[in-house]
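**Q** Dropping the structure in here first, questions after.
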Amino acid sequence: MSANLKLKASNVKTARKSNSRARISSNCKCKEDHKSCGCGRRVDPAVEAMQDAGKELSDIFKQLKDEQTAAKLVRAIRCRDARAVQSLLDCKCRVVCFFRSRDKDCVRICCSFGRNHDVTVTFDICVRRAQDECRRNFWF
């Protein structure tokens, strides 16, 4: 026998490893890039809404650098004036409630972002109550 024996393999069947990915079928009937129904999207809509939330909330808090605007907000919180607080916020945000802690007046604000309100941000703004030397509450 020769050491240089060559074998020719033909018609050999091999076992294929099955693909572990599940195939997802879609019943989507929409035509224009699946934008209206949400199926087939490559980007999570919550990611886009989160970016929008960051931009909008940044703009809201940037306006508080102005002393007059900050004073209006402090006064509105202390007086529990929802309309005044709302006028300083974006239309995507709303005043949920006013409350008091031991020595602070607070407002709870809820903002929602995204087409279907995919991201909701709720935060509190609290302002220390102004007091005179006798520890009586003093309103400006």
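Order determines the names: the first chain of the structure tokens is A, the second B, and so forth; residues in each chain are numbered 1 upward, and ligands are numbered 1 upward as they are shown.
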Quick one: residues within 12 Å of Thr120 in chain A, only C-alpha atoms counted, chain neighbours fewer than 5 positions away excluded, as a PyMOL selection string?
**A** chain A and resi 46+49-50+52-54+57+92-94+109-115
**Q** Print the selection's residues with N, CA, C and O atoms to a file, as a compact mmCIF listing (two decimals), in the first residue's frame.
**A**
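After the write, again27.txt holds the following:
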# COMPACT_ATOMS: atom_id res chain seq x y z
N ALA A 46 -38.34 53.27 24.11
CA ALA A 46 -38.05 53.81 25.44
C ALA A 46 -36.68 54.50 25.46
O ALA A 46 -36.49 55.46 26.21
N ALA A 49 -37.27 57.88 24.07
CA ALA A 49 -38.01 58.67 25.06
C ALA A 49 -37.11 59.08 26.22
O ALA A 49 -37.24 60.18 26.74
N MET A 50 -36.18 58.21 26.61
CA MET A 50 -35.25 58.54 27.70
C MET A 50 -34.34 59.69 27.29
O MET A 50 -34.05 60.58 28.09
N ASP A 52 -35.11 62.01 25.12
CA ASP A 52 -35.98 63.18 25.12
C ASP A 52 -36.19 63.69 26.54
O ASP A 52 -36.16 64.90 26.79
N ALA A 53 -36.35 62.77 27.49
CA ALA A 53 -36.53 63.16 28.89
C ALA A 53 -35.30 63.90 29.41
O ALA A 53 -35.42 64.92 30.09
N GLY A 54 -34.12 63.40 29.09
CA GLY A 54 -32.90 64.05 29.53
C GLY A 54 -32.78 65.47 29.00
O GLY A 54 -32.44 66.39 29.74
N LEU A 57 -35.77 67.74 30.66
CA LEU A 57 -35.54 68.03 32.07
C LEU A 57 -34.33 68.94 32.26
O LEU A 57 -34.32 69.80 33.13
N LYS A 92 -45.27 68.71 29.15
CA LYS A 92 -45.20 67.27 29.37
C LYS A 92 -45.17 66.92 30.84
O LYS A 92 -45.23 65.76 31.22
N CYS A 93 -45.04 67.93 31.68
CA CYS A 93 -44.95 67.72 33.13
C CYS A 93 -46.21 68.28 33.79
O CYS A 93 -46.79 69.24 33.32
N ARG A 94 -46.57 67.66 34.90
CA ARG A 94 -47.74 68.14 35.64
C ARG A 94 -47.47 68.03 37.13
O ARG A 94 -46.69 67.20 37.59
N ILE A 109 -43.76 66.31 41.08
CA ILE A 109 -43.97 66.59 39.66
C ILE A 109 -43.78 65.29 38.88
O ILE A 109 -42.84 64.54 39.13
N CYS A 110 -44.65 65.05 37.93
CA CYS A 110 -44.57 63.87 37.08
C CYS A 110 -44.46 64.32 35.62
O CYS A 110 -45.27 65.11 35.15
N CYS A 111 -43.46 63.82 34.92
CA CYS A 111 -43.26 64.14 33.51
C CYS A 111 -43.26 62.84 32.71
O CYS A 111 -42.68 61.84 33.15
N SER A 112 -43.89 62.83 31.57
CA SER A 112 -43.89 61.64 30.72
C SER A 112 -43.35 62.01 29.35
O SER A 112 -43.59 63.11 28.84
N PHE A 113 -42.64 61.06 28.76
CA PHE A 113 -41.96 61.30 27.49
C PHE A 113 -42.17 60.10 26.57
O PHE A 113 -42.40 58.98 27.01
N GLY A 114 -42.08 60.37 25.29
CA GLY A 114 -42.24 59.33 24.28
C GLY A 114 -43.62 59.35 23.68
O GLY A 114 -44.55 59.95 24.23
N ARG A 115 -43.75 58.66 22.55
CA ARG A 115 -45.04 58.63 21.85
C ARG A 115 -46.15 58.04 22.70
O ARG A 115 -47.26 58.51 22.73
**Q** So the first atom is CA of Asp44 in chain A and the second is CA of Ile60 in chain A; what is the distance between them in Å, to one decimal place?
**A**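 It comes out at 25.0 Å.
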**Q** Please report the interatomic distance between CA of Arg78 in chain A and CA of Val95 in chain A in Å with one decimal.
**A**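 Straight-line distance from CA of Arg78 in chain A to CA of Val95 in chain A works out to 13.8 Å.
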**Q** Write out as a PyMOL selection string all residues of range 84-139 of chain A that backbone DSSP assigns to alpha helix (DSSP H).
**A** chain A and resi 84-88
**Q** Please produce a file of those selected residues containing C-alpha atoms, as a PDB file, in the first residue's frame.
**A**
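result.pdb was written with the following content:
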ATOM      1  CA  ALA A  84     -47.696  78.936  38.825  1.00  0.00           C
ATOM      2  CA  VAL A  85     -45.578  75.782  39.089  1.00  0.00           C
ATOM      3  CA  GLN A  86     -47.152  74.407  35.910  1.00  0.00           C
ATOM      4  CA  SER A  87     -46.399  77.618  34.008  1.00  0.00           C
ATOM      5  CA  LEU A  88     -42.688  77.209  34.787  1.00  0.00           C
TER       6      LEU A  88
END
**Q** Report, in Å with one decimal, the straight-line distance from CA of Asp118 in chain A to CA of Arg42 in chain A.
**A**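 Separation between CA of Asp118 in chain A and CA of Arg42 in chain A: 15.9 Å.
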**Q** Select, from A:Glu48, A:Glu67, A:Asp59, A:Asp124, the residue with the minimum atom-to-atom distance to Ser101 in chain A, counting only C-alpha atoms.
**A**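 Counting only C-alpha atoms, the residue closest to Ser101 in chain A is A:Asp124.
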**Q** Tell me which protein, DNA and RNA residues are within 12 Å of Leu73 in chain A, counting only C-alpha atoms, leaving out same-chain ones fewer than 3 positions away, and put them as JSON, numbers by chain.
**A** {"A": [60, 61, 63, 64, 65, 66, 67, 68, 69, 70, 76, 77, 78, 79, 80, 81, 82, 83, 84, 85, 86, 87, 88, 89, 105, 106, 107, 125, 126, 127]}
